[in-house]
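Data from final_18.pdb: PDB, C-alpha atoms
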```pdb
ATOM      1  CA  MET A 773     111.127  85.264 115.521
ATOM      2  CA  LEU A 774     107.652  86.214 114.303
ATOM      3  CA  LYS A 775     108.970  88.096 111.268
ATOM      4  CA  LEU A 776     111.291  85.211 110.400
ATOM      5  CA  ILE A 777     108.324  82.810 110.424
ATOM      6  CA  ALA A 778     106.429  85.201 108.142
ATOM      7  CA  PHE A 779     109.258  85.222 105.596
ATOM      8  CA  ILE A 780     109.551  81.427 105.682
ATOM      9  CA  LEU A 781     105.799  81.046 105.098
ATOM     10  CA  MET A 782     105.924  83.638 102.313
ATOM     11  CA  THR A 783     108.802  81.817 100.595
ATOM     12  CA  ILE A 784     106.935  78.490 100.674
ATOM     13  CA  ASP A 785     103.809  80.232  99.333
ATOM     14  CA  HIS A 786     105.735  81.723  96.396
ATOM     15  CA  MET A 787     107.460  78.415  95.659
ATOM     16  CA  CYS A 788     104.071  76.666  95.443
ATOM     17  CA  TRP A 789     102.814  79.487  93.221
ATOM     18  CA  LEU A 790     105.745  79.622  90.794
ATOM     19  CA  TRP A 791     106.774  75.942  90.798
ATOM     20  CA  PRO A 792     103.487  74.121  90.098
ATOM     21  CA  HIS A 793     105.313  71.618  87.871
ATOM     22  CA  TYR A 794     107.369  70.457  90.897
ATOM     23  CA  ILE A 795     104.691  70.433  93.576
ATOM     24  CA  PRO A 796     101.470  68.356  93.250
ATOM     25  CA  TYR A 797      98.316  70.468  93.111
ATOM     26  CA  GLU A 798      96.781  69.058  96.317
ATOM     27  CA  VAL A 799      99.984  69.577  98.307
ATOM     28  CA  GLY A 800     100.481  73.051  96.856
ATOM     29  CA  PHE A 801      96.902  74.056  97.666
ATOM     30  CA  ILE A 802      97.231  73.037 101.326
ATOM     31  CA  LEU A 803     100.641  74.666 101.697
ATOM     32  CA  ARG A 804      99.434  77.908 100.121
ATOM     33  CA  LEU A 805      96.386  77.931 102.364
ATOM     34  CA  ILE A 806      98.592  77.685 105.447
ATOM     35  CA  CYS A 807     101.338  79.981 104.218
ATOM     36  CA  ARG A 808      98.961  82.856 103.439
ATOM     37  CA  LEU A 809      99.156  83.443 107.185
ATOM     38  CA  SER A 810     102.310  85.420 106.417
ATOM     39  CA  PHE A 811     100.229  88.480 105.534
ATOM     40  CA  PRO A 812      98.575  88.917 108.970
ATOM     41  CA  ILE A 813     102.060  88.714 110.492
ATOM     42  CA  PHE A 814     103.384  91.372 108.105
ATOM     43  CA  ALA A 815     100.327  93.544 108.785
ATOM     44  CA  TYR A 816     100.759  93.271 112.566
ATOM     45  CA  ASP A 817     104.483  93.983 112.268
ATOM     46  CA  CYS A 818     103.716  97.017 110.099
ATOM     47  CA  VAL A 819     101.228  98.404 112.635
ATOM     48  CA  MET A 820     103.758  97.920 115.449
ATOM     49  CA  GLY A 821     106.462  99.473 113.275
ATOM     50  CA  LEU A 822     104.353 102.628 113.050
ATOM     51  CA  ARG A 823     104.481 102.852 116.848
ATOM     52  CA  ARG A 824     108.112 101.881 117.336
ATOM     53  CA  THR A 825     109.790 103.890 114.584
ATOM     54  CA  HIS A 826     111.518 107.167 115.427
ATOM     55  CA  SER A 827     110.335 108.736 112.168
ATOM     56  CA  ILE A 828     107.198 107.767 110.248
ATOM     57  CA  ALA A 829     108.488 109.645 107.199
ATOM     58  CA  LYS A 830     111.632 107.480 107.089
ATOM     59  CA  TYR A 831     109.553 104.364 107.755
ATOM     60  CA  LEU A 832     107.301 105.159 104.785
ATOM     61  CA  ALA A 833     110.364 105.976 102.668
ATOM     62  CA  ARG A 834     111.846 102.541 103.406
ATOM     63  CA  LEU A 835     108.584 100.787 102.533
ATOM     64  CA  GLY A 836     108.260 102.820  99.329
ATOM     65  CA  LEU A 837     111.860 102.122  98.305
ATOM     66  CA  LEU A 838     111.467  98.388  98.910
ATOM     67  CA  ALA A 839     108.201  98.409  96.948
ATOM     68  CA  VAL A 840     109.923  99.985  93.923
ATOM     69  CA  ILE A 841     112.971  97.686  94.145
ATOM     70  CA  SER A 842     110.776  94.598  94.486
ATOM     71  CA  GLN A 843     108.597  95.647  91.561
ATOM     72  CA  TYR A 844     111.684  96.182  89.400
ATOM     73  CA  ALA A 845     112.844  92.669  90.323
ATOM     74  CA  ILE A 846     109.437  91.313  89.250
ATOM     75  CA  HIS A 847     109.584  93.266  85.988
ATOM     76  CA  PHE A 848     113.135  91.998  85.347
ATOM     77  CA  ALA A 849     112.069  88.385  85.861
ATOM     78  CA  TYR A 850     109.136  88.838  83.483
ATOM     79  CA  THR A 851     111.023  90.603  80.683
ATOM     80  CA  HIS A 852     114.342  88.710  80.820
ATOM     81  CA  TRP A 853     113.325  85.258  82.056
ATOM     82  CA  HIS A 854     109.761  85.211  80.641
ATOM     83  CA  VAL A 855     108.131  84.207  83.930
ATOM     84  CA  ARG A 856     104.538  84.870  82.879
ATOM     85  CA  ASP A 857     102.974  84.022  86.250
ATOM     86  CA  ILE A 858     104.182  87.316  87.721
ATOM     87  CA  ALA A 859     103.269  89.532  84.759
ATOM     88  CA  ASP A 860     100.488  91.357  86.648
ATOM     89  CA  PHE A 861     101.772  90.828  90.178
ATOM     90  CA  VAL A 862     102.129  93.993  92.310
ATOM     91  CA  ASN A 863     104.138  93.265  95.454
ATOM     92  CA  ILE A 864     102.972  93.467  99.052
ATOM     93  CA  PHE A 865     105.112  96.476  99.998
ATOM     94  CA  PHE A 866     102.794  98.739  98.009
ATOM     95  CA  THR A 867      99.918  97.407 100.116
ATOM     96  CA  LEU A 868     101.837  97.944 103.364
ATOM     97  CA  PHE A 869     102.804 101.469 102.298
ATOM     98  CA  ALA A 870      99.203 102.298 101.385
ATOM     99  CA  GLY A 871      98.033 100.675 104.630
ATOM    100  CA  ILE A 872     100.144 103.014 106.775
ATOM    101  CA  VAL A 873      98.914 106.080 104.852
ATOM    102  CA  PHE A 874      95.350 104.729 105.104
ATOM    103  CA  ILE A 875      95.354 104.418 108.900
ATOM    104  CA  MET A 876      96.987 107.848 109.233
ATOM    105  CA  SER A 877      94.213 109.297 107.074
ATOM    106  CA  LEU A 878      91.540 107.554 109.187
ATOM    107  CA  ASP A 879      93.030 109.017 112.359
ATOM    108  CA  LEU A 880      93.002 112.449 110.710
ATOM    109  CA  ILE A 881      89.334 112.021 109.711
ATOM    110  CA  ILE A 882      88.306 111.044 113.255
ATOM    111  CA  ALA A 883      90.337 113.840 114.857
ATOM    112  CA  SER A 884      88.902 116.438 112.451
ATOM    113  CA  TYR A 885      85.360 115.188 112.981
ATOM    114  CA  ARG A 886      85.772 115.509 116.740
ATOM    115  CA  SER A 887      86.941 119.104 116.330
ATOM    116  CA  LEU A 888      83.955 119.922 114.139
ATOM    117  CA  SER A 889      81.457 118.205 116.451
ATOM    118  CA  GLY A 890      82.903 119.747 119.615
ATOM    119  CA  LYS A 891      83.429 116.381 121.369
ATOM    120  CA  ARG A 892      87.089 116.907 122.148
ATOM    121  CA  LYS A 893      86.397 117.921 125.772
ATOM    122  CA  THR A 894      84.440 114.810 126.665
ATOM    123  CA  GLU A 895      86.354 112.112 124.784
ATOM    124  CA  LYS A 896      89.866 110.839 124.888
ATOM    125  CA  TRP A 897      91.461 112.743 122.064
ATOM    126  CA  HIS A 898      94.199 110.883 120.258
ATOM    127  CA  LEU A 899      93.568 107.517 118.654
ATOM    128  CA  PHE A 900      97.320 107.412 118.233
ATOM    129  CA  HIS A 901      99.813 110.014 119.404
ATOM    130  CA  TYR A 902     101.964 110.874 116.385
ATOM    131  CA  GLY A 903     105.000 111.902 118.382
ATOM    132  CA  ASN A 904     107.195 110.428 115.643
ATOM    133  CA  CYS A 905     105.648 112.652 112.946
ATOM    134  CA  ARG A 906     105.409 116.371 113.744
ATOM    135  CA  LEU A 907     103.236 117.200 110.755
ATOM    136  CA  TRP A 908     100.590 114.597 111.638
ATOM    137  CA  GLN A 909     100.800 115.496 115.308
ATOM    138  CA  LYS A 910      99.826 119.066 114.390
ATOM    139  CA  LEU A 911      97.099 117.993 111.961
ATOM    140  CA  THR A 912      95.443 115.660 114.476
ATOM    141  CA  ALA A 913      95.748 118.090 117.388
ATOM    142  CA  PRO A 914      92.495 119.641 118.730
ATOM    143  CA  THR A 915      91.595 122.988 117.203
ATOM    144  CA  GLU A 916      88.905 125.601 117.725
ATOM    145  CA  ASN A 917      89.196 126.733 114.106
ATOM    146  CA  ARG A 918      86.386 124.963 112.260
ATOM    147  CA  TYR A 919      87.812 125.973 108.868
ATOM    148  CA  VAL A 920      91.126 124.250 109.639
ATOM    149  CA  ALA A 921      89.284 121.190 110.967
ATOM    150  CA  PHE A 922      87.180 121.017 107.799
ATOM    151  CA  ILE A 923      90.275 121.228 105.568
ATOM    152  CA  CYS A 924      91.919 118.442 107.594
ATOM    153  CA  LEU A 925      88.770 116.352 107.279
ATOM    154  CA  LEU A 926      88.794 116.771 103.494
ATOM    155  CA  LEU A 927      92.503 115.905 103.378
ATOM    156  CA  GLY A 928      91.900 112.717 105.354
ATOM    157  CA  LEU A 929      88.999 111.691 103.117
ATOM    158  CA  VAL A 930      91.006 112.327  99.944
ATOM    159  CA  LEU A 931      93.974 110.306 101.220
ATOM    160  CA  ALA A 932      91.791 107.407 102.361
ATOM    161  CA  ILE A 933      89.875 107.260  99.062
ATOM    162  CA  CYS A 934      93.107 107.516  97.055
ATOM    163  CA  CYS A 935      94.626 104.594  98.987
ATOM    164  CA  LEU A 936      91.556 102.419  98.364
ATOM    165  CA  LEU A 937      91.407 103.330  94.672
ATOM    166  CA  LEU A 938      95.119 102.784  94.077
ATOM    167  CA  VAL A 939      95.250  99.293  95.588
ATOM    168  CA  TYR A 940      92.034  98.367  93.775
ATOM    169  CA  ILE A 941      93.006  99.754  90.352
ATOM    170  CA  PHE A 942      96.583  98.442  90.381
ATOM    171  CA  LYS A 943      95.509  95.169  92.069
ATOM    172  CA  THR A 944      98.264  95.173  94.662
ATOM    173  CA  ASP A 945      98.795  92.033  96.710
ATOM    174  CA  TYR A 946      95.755  91.611  99.037
ATOM    175  CA  ALA A 947      94.362  94.896  97.674
ATOM    176  CA  VAL A 948      91.362  96.369  99.538
ATOM    177  CA  PHE A 949      91.201  93.512 102.040
ATOM    178  CA  GLY A 950      94.819  94.219 102.981
ATOM    179  CA  LEU A 951      94.074  97.859 103.750
ATOM    180  CA  LEU A 952      91.020  97.013 105.834
ATOM    181  CA  PHE A 953      92.929  94.345 107.745
ATOM    182  CA  ILE A 954      95.846  96.698 108.535
ATOM    183  CA  ALA A 955      93.434  99.428 109.662
ATOM    184  CA  THR A 956      91.563  96.933 111.850
ATOM    185  CA  LEU A 957      94.764  95.831 113.565
ATOM    186  CA  HIS A 958      95.737  99.473 114.110
ATOM    187  CA  PHE A 959      92.554 100.268 116.019
ATOM    188  CA  ILE A 960      92.504  96.960 117.909
ATOM    189  CA  VAL A 961      96.090  97.508 119.074
ATOM    190  CA  TYR A 962      95.161 101.012 120.227
ATOM    191  CA  LYS A 963      92.080  99.864 122.137
ATOM    192  CA  CYS A 964      93.304  96.520 123.484
ATOM    193  CA  GLY A 965      97.096  96.772 123.535
ATOM    194  CA  ASP A 966      99.782  94.885 121.637
ATOM    195  CA  PHE A 967     101.182  91.405 122.214
ATOM    196  CA  ASN A 968     104.541  91.580 123.954
ATOM    197  CA  PRO A 969     106.776  89.299 126.058
ATOM    198  CA  LYS A 970     105.769  91.147 129.266
ATOM    199  CA  LEU A 971     102.216  89.783 129.149
ATOM    200  CA  ASP A 972     101.442  87.119 131.730
ATOM    201  CA  LYS A 973      99.270  84.096 130.971
ATOM    202  CA  THR A 974      96.084  85.686 132.325
ATOM    203  CA  ALA A 975      96.554  88.917 130.355
ATOM    204  CA  LEU A 976      97.189  86.911 127.193
ATOM    205  CA  GLN A 977      94.045  84.825 127.723
ATOM    206  CA  ASN A 978      92.016  88.017 128.138
ATOM    207  CA  LEU A 979      93.526  89.698 125.082
ATOM    208  CA  ILE A 980      93.160  86.918 122.506
ATOM    209  CA  PRO A 981      89.320  86.631 122.547
ATOM    210  CA  VAL A 982      88.959  90.393 122.052
ATOM    211  CA  TYR A 983      91.267  90.307 119.033
ATOM    212  CA  LEU A 984      89.487  87.299 117.549
ATOM    213  CA  LEU A 985      86.022  88.781 118.021
ATOM    214  CA  ARG A 986      86.873  92.117 116.401
ATOM    215  CA  LEU A 987      88.792  90.521 113.540
ATOM    216  CA  ALA A 988      85.918  88.104 112.929
ATOM    217  CA  CYS A 989      83.467  91.005 112.719
ATOM    218  CA  VAL A 990      85.582  92.837 110.147
ATOM    219  CA  ILE A 991      86.199  89.707 108.073
ATOM    220  CA  GLY A 992      82.481  88.863 108.201
ATOM    221  CA  VAL A 993      81.464  92.329 107.020
ATOM    222  CA  TYR A 994      84.063  92.174 104.258
ATOM    223  CA  LEU A 995      82.827  88.799 103.022
ATOM    224  CA  LEU A 996      79.242  90.065 103.101
ATOM    225  CA  LEU A 997      80.196  93.038 100.933
ATOM    226  CA  ALA A 998      82.486  91.120  98.594
ATOM    227  CA  ASP A 999      80.258  88.071  98.132
ATOM    228  CA  TYR A1000      76.714  89.420  98.127
ATOM    229  CA  LEU A1001      76.415  93.196  97.836
ATOM    230  CA  LEU A1002      79.160  94.487  95.528
ATOM    231  CA  PRO A1003      78.529  91.920  92.706
ATOM    232  CA  TRP A1004      75.132  93.621  92.210
ATOM    233  CA  PHE A1005      77.117  96.641  91.008
ATOM    234  CA  GLY A1006      79.418  94.566  88.806
ATOM    235  CA  ILE A1007      82.352  94.613  91.261
ATOM    236  CA  ASN A1008      83.721  91.108  91.701
ATOM    237  CA  SER A1009      87.483  91.447  92.197
ATOM    238  CA  LEU A1010      87.393  92.440  95.876
ATOM    239  CA  MET A1011      86.942  88.872  97.095
ATOM    240  CA  PHE A1012      89.908  87.436  98.982
ATOM    241  CA  GLY A1013      89.956  83.738  98.196
ATOM    242  CA  ASP A1014      92.139  82.610 101.100
ATOM    243  CA  VAL A1015      90.407  84.547 103.875
ATOM    244  CA  GLN A1016      89.535  81.264 105.564
ATOM    245  CA  THR A1017      93.221  80.929 106.417
ATOM    246  CA  PHE A1018      92.983  83.904 108.737
ATOM    247  CA  VAL A1019      89.956  82.496 110.521
ATOM    248  CA  ILE A1020      91.534  79.071 111.000
ATOM    249  CA  PHE A1021      95.112  79.950 111.930
ATOM    250  CA  ILE A1022      95.069  83.376 113.613
ATOM    251  CA  PRO A1023      94.293  81.841 117.052
ATOM    252  CA  TYR A1024      97.668  80.082 116.819
ATOM    253  CA  LEU A1025      99.430  83.251 115.668
ATOM    254  CA  LEU A1026      98.402  85.466 118.595
ATOM    255  CA  PRO A1027     100.137  83.545 121.429
ATOM    256  CA  LEU A1028     103.247  83.369 119.257
ATOM    257  CA  ALA A1029     103.142  87.144 118.828
ATOM    258  CA  ALA A1030     103.211  87.547 122.611
ATOM    259  CA  LYS A1031     106.429  85.544 122.878
ATOM    260  CA  SER A1032     108.154  87.334 120.009
ATOM    261  CA  HIS A1033     110.787  89.912 120.904
ATOM    262  CA  ARG A1034     111.535  92.936 118.742
ATOM    263  CA  PRO A1035     114.357  92.013 116.300
ATOM    264  CA  LYS A1036     117.550  94.025 116.042
ATOM    265  CA  TRP A1037     117.371  96.823 113.473
ATOM    266  CA  TRP A1038     119.903  95.252 111.094
ATOM    267  CA  VAL A1039     118.032  91.924 111.125
ATOM    268  CA  SER A1040     114.808  93.744 110.236
ATOM    269  CA  ARG A1041     116.428  95.583 107.298
ATOM    270  CA  LEU A1042     118.099  92.400 106.034
ATOM    271  CA  LEU A1043     114.844  90.457 106.075
ATOM    272  CA  TYR A1044     113.022  93.135 104.100
ATOM    273  CA  PHE A1045     115.634  93.066 101.311
ATOM    274  CA  TYR A1046     115.192  89.303 101.275
ATOM    275  CA  TYR A1047     111.819  89.856  99.555
ATOM    276  CA  PRO A1048     113.074  90.914  96.081
ATOM    277  CA  LEU A1049     116.049  88.546  96.295
ATOM    278  CA  HIS A1050     113.961  85.454  97.005
ATOM    279  CA  LEU A1051     111.558  86.314  94.150
ATOM    280  CA  LEU A1052     114.460  86.650  91.722
ATOM    281  CA  LEU A1053     115.924  83.325  92.855
ATOM    282  CA  ILE A1054     112.621  81.437  92.548
ATOM    283  CA  CYS A1055     111.935  82.963  89.117
ATOM    284  CA  TYR A1056     115.458  82.189  87.897
ATOM    285  CA  ILE A1057     115.165  78.539  88.944
ATOM    286  CA  GLN A1058     111.853  78.357  87.089
ATOM    287  CA  TYR A1059     113.530  79.896  84.023
ATOM    288  CA  LEU A1060     116.354  77.339  84.112
ATOM    289  CA  THR A1061     114.004  74.365  84.420
ATOM    290  CA  ILE A1062     111.458  75.224  81.709
ATOM    291  CA  ARG A1063     113.503  76.901  78.982
TER     292      ARG A1063
END
```
In structure tokens, how does this file's structure come out?
Amino acid sequence: MLKLIAFILMTIDHMCWLWPHYIPYEVGFILRLICRLSFPIFAYDCVMGLRRTHSIAKYLARLGLLAVISQYAIHFAYTHWHVRDIADFVNIFFTLFAGIVFIMSLDLIIASYRSLSGKRKTEKWHLFHYGNCRLWQKLTAPTENRYVAFICLLLGLVLAICCLLLVYIFKTDYAVFGLLFIATLHFIVYKCGDFNPKLDKTALQNLIPVYLLRLACVIGVYLLLADYLLPWFGINSLMFGDVQTFVIFIPYLLPLAAKSHRPKWWVSRLLYFYYPLHLLLICYIQYLTIR
């Protein structure tokens, strides 16, 4: 249910973006503001997918494949149908793919730091138990070998920096903000728990304020950096113009997430392939109406 709502909102958002000659500016602006809520839903679903999947490697492979297919569809629409609005658009699956690698690298950095600092005996060890990825389970496991821990720390730092640079340089959808938002949800879900149909009303009321407070802190820090600090260094493209959508509408998203059941696997796969297909359809209709 939740994923279906996300795809409906995303479709409306793309229609307002690519059909401005059909939709009045004021109406399109309001609809796009509301429909940008699709990204938090995708981010939450991606974080839960990391926990539910039987193989993280296959999960990343699916996201990577869909990213390439979707980007080819965008390139096809631009070169064959001359849809100029999507010339520089890099689809959201690249952001989701980088987001998963980013949170895995952060977990590796924290685990390696704990090995180097000797805190593993006094603190709960795993931020996330990578039982569905043997390689990462071994890398994040406690070790007495400081050399191995240092190498793992460097690997985590390199991966995290590469993810940030790639989404920034190639200007993927939601870019740096997307990565930070996915990572924030990952750690909040670990600390506070996920929304699921088993939660009673009291548990849900206790969980929502914690989510809102931590998300508000991250969004506030991001806006402070993007609006006031980074422009001093000539960096202006990190600002996320529709961030107010998250602040306004996320309180309504969280209770809905608690009532949403996990979709069947074939429904999930079908919805993901809907992404390139709906972009092609919207672009083709635009091509037919303006040529």
### Message
Please enumerate the residues selected by the PyMOL selection byres ((chain A and resi 925-931) around 6) when evaluated against the supplied file, formatted as a PyMOL selection string.
### Response
chain A and resi 877+880-881+884+922-924+932-934
Only C-alpha atoms, please: the residues just picked out, written as a PDB file, keeping the file's coordinate frame.
```
ATOM      1  CA  SER A 877      94.213 109.297 107.074  1.00  0.00           C
ATOM      2  CA  LEU A 880      93.002 112.449 110.710  1.00  0.00           C
ATOM      3  CA  ILE A 881      89.334 112.021 109.711  1.00  0.00           C
ATOM      4  CA  SER A 884      88.902 116.438 112.451  1.00  0.00           C
ATOM      5  CA  PHE A 922      87.180 121.017 107.799  1.00  0.00           C
ATOM      6  CA  ILE A 923      90.275 121.228 105.568  1.00  0.00           C
ATOM      7  CA  CYS A 924      91.919 118.442 107.594  1.00  0.00           C
ATOM      8  CA  ALA A 932      91.791 107.407 102.361  1.00  0.00           C
ATOM      9  CA  ILE A 933      89.875 107.260  99.062  1.00  0.00           C
ATOM     10  CA  CYS A 934      93.107 107.516  97.055  1.00  0.00           C
TER      11      CYS A 934
END
```
### Protein/DNA/RNA residues near (98.4, 94.3, 98.3), cut 10 Å, all atoms listed in the file, as an NGL selection string
:A and (811 or 861-871 or 939-940 or 942-951)
## Note on the structure
From atom CA of Asn904 of chain A to atom CA of His826 of chain A the spacing works out at 5.4 Å
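Atom pair atom CA of Leu832 of chain A / atom CA of Ile991 of chain A: separated by 26.4 Å.
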### Message
List as a VMD selection string the protein and nucleic acid residues near segment 853-858 of chain A, meaning an atom at most 8 Å away when all atoms listed in the file are counted, but skip any in the same chain fewer than 5 places from it.
### Response
chain A and resid 790 846 848 1055 to 1056 1058 to 1059
### Task
Within 10 Å of His793 of chain A, counting all atoms listed in the file, which residues show up once you throw out same-chain ones fewer than 4 positions away? Write them as a ChimeraX atom specification, please.
/A:788-789,797,1058,1061-1062
How big is the axis-aligned box around the listed atoms of segment 776-791 of chain A once 8 Å is added on each side, and where is its centre? Give both in Å to one decimal, as JSON.
```
{"center_x": 107.1, "center_y": 80.6, "center_z": 100.6, "size_x": 24.5, "size_y": 25.3, "size_z": 35.6}
```
### Task
Select, from A:Pro1048, A:Gly836, A:Gly821, A:Gly903, the residue with the minimum atom-to-atom distance to His958 of chain A, counting only C-alpha atoms.
A:Gly821
### Message
Report, in Å to a single decimal, how far apart atom CA of Leu888 of chain A and atom CA of Arg918 of chain A are.
### Response
5.9 Å
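If you measure from each of A:Arg834, A:Ile828, A:Trp791, A:Ala845 to Leu1049 of chain A using all atoms listed in the file, the closest one turns out to be A:Ala845.
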### Message
Need to verify the contact set: Ser827 of chain A, 8 Å, only C-alpha atoms, exclusion of same-chain residues closer than 3 positions in sequence. Can you return it as a list in words?
### Response
Lys830, Tyr831, Asn904 and Cys905 of chain A
Could those selected residues go to a file with C-alpha atoms, as an mmCIF file, in the coordinates of the input?
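To be explicit, this is the file written out as again18.cif:
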```cif
data_model
loop_
_atom_site.group_PDB
_atom_site.id
_atom_site.type_symbol
_atom_site.label_atom_id
_atom_site.label_comp_id
_atom_site.auth_asym_id
_atom_site.auth_seq_id
_atom_site.Cartn_x
_atom_site.Cartn_y
_atom_site.Cartn_z
ATOM 1 C CA LYS A 830 111.632 107.480 107.089
ATOM 2 C CA TYR A 831 109.553 104.364 107.755
ATOM 3 C CA ASN A 904 107.195 110.428 115.643
ATOM 4 C CA CYS A 905 105.648 112.652 112.946
#
```
### Message
Just want the 10 Å neighbourhood of Thr915 of chain A, counted on all atoms listed in the file, with same-chain residues fewer than 4 positions away dropped. Output as a list of chain:residue names.
### Response
A:Ala883, A:Ser884, A:Arg886, A:Ser887, A:Leu888, A:Gly890, A:Arg892, A:Lys910, A:Leu911, A:Tyr919, A:Val920, A:Ala921
### 9 Å contact set for Leu987 of chain A, all atoms listed in the file, chain neighbours under 5 positions out, as number ranges by chain
A: 953, 956-957, 960, 982, 992, 1019
Print the selection's residues with C-alpha atoms to a file, as a CSV table (one decimal), keeping the file's coordinate frame.
```
chain,number,residue,atom,x,y,z
A,953,PHE,CA,92.9,94.3,107.7
A,956,THR,CA,91.6,96.9,111.8
A,957,LEU,CA,94.8,95.8,113.6
A,960,ILE,CA,92.5,97.0,117.9
A,982,VAL,CA,89.0,90.4,122.1
A,992,GLY,CA,82.5,88.9,108.2
A,1019,VAL,CA,90.0,82.5,110.5
```
### Message
Starting from the PyMOL selection byres ((chain A and resi 800) around 12), expand the selection into actual residues of this file and give them as a PyMOL selection string.
### Response
chain A and resi 784-799+801-808
### Query
Which residue gives the smallest distance to Ser810 of chain A among A:Cys964, A:Ala778, A:Ile841, A:Leu835, with only C-alpha atoms counted?
A:Ala778
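Here the PyMOL selection byres ((chain A and resi 1046) around 12) matches the residues A:Lys775, A:Leu776, A:Ala778, A:Phe779, A:Ile780, A:Met782, A:Thr783, A:Leu838, A:Ile841, A:Ser842, A:Ala845, A:Val1039, A:Ser1040, A:Arg1041, A:Leu1042, A:Leu1043, A:Tyr1044, A:Phe1045, A:Tyr1047, A:Pro1048, A:Leu1049, A:His1050, A:Leu1051, A:Leu1052, A:Leu1053.
The nearest approach to Gly965 of chain A among the residues A:Leu774, A:Leu1026, A:Leu984, A:Leu979, with all atoms listed in the file taken into account, belongs to A:Leu979.
Distance check against Gln909 of chain A using only C-alpha atoms: of A:Asp879, A:Pro981, A:Tyr850, A:Leu937, the minimum falls on A:Asp879.
Among the candidates A:Lys1036, A:His847, A:His852, A:Arg823, the one nearest to Tyr902 of chain A when counting only C-alpha atoms is A:Arg823.
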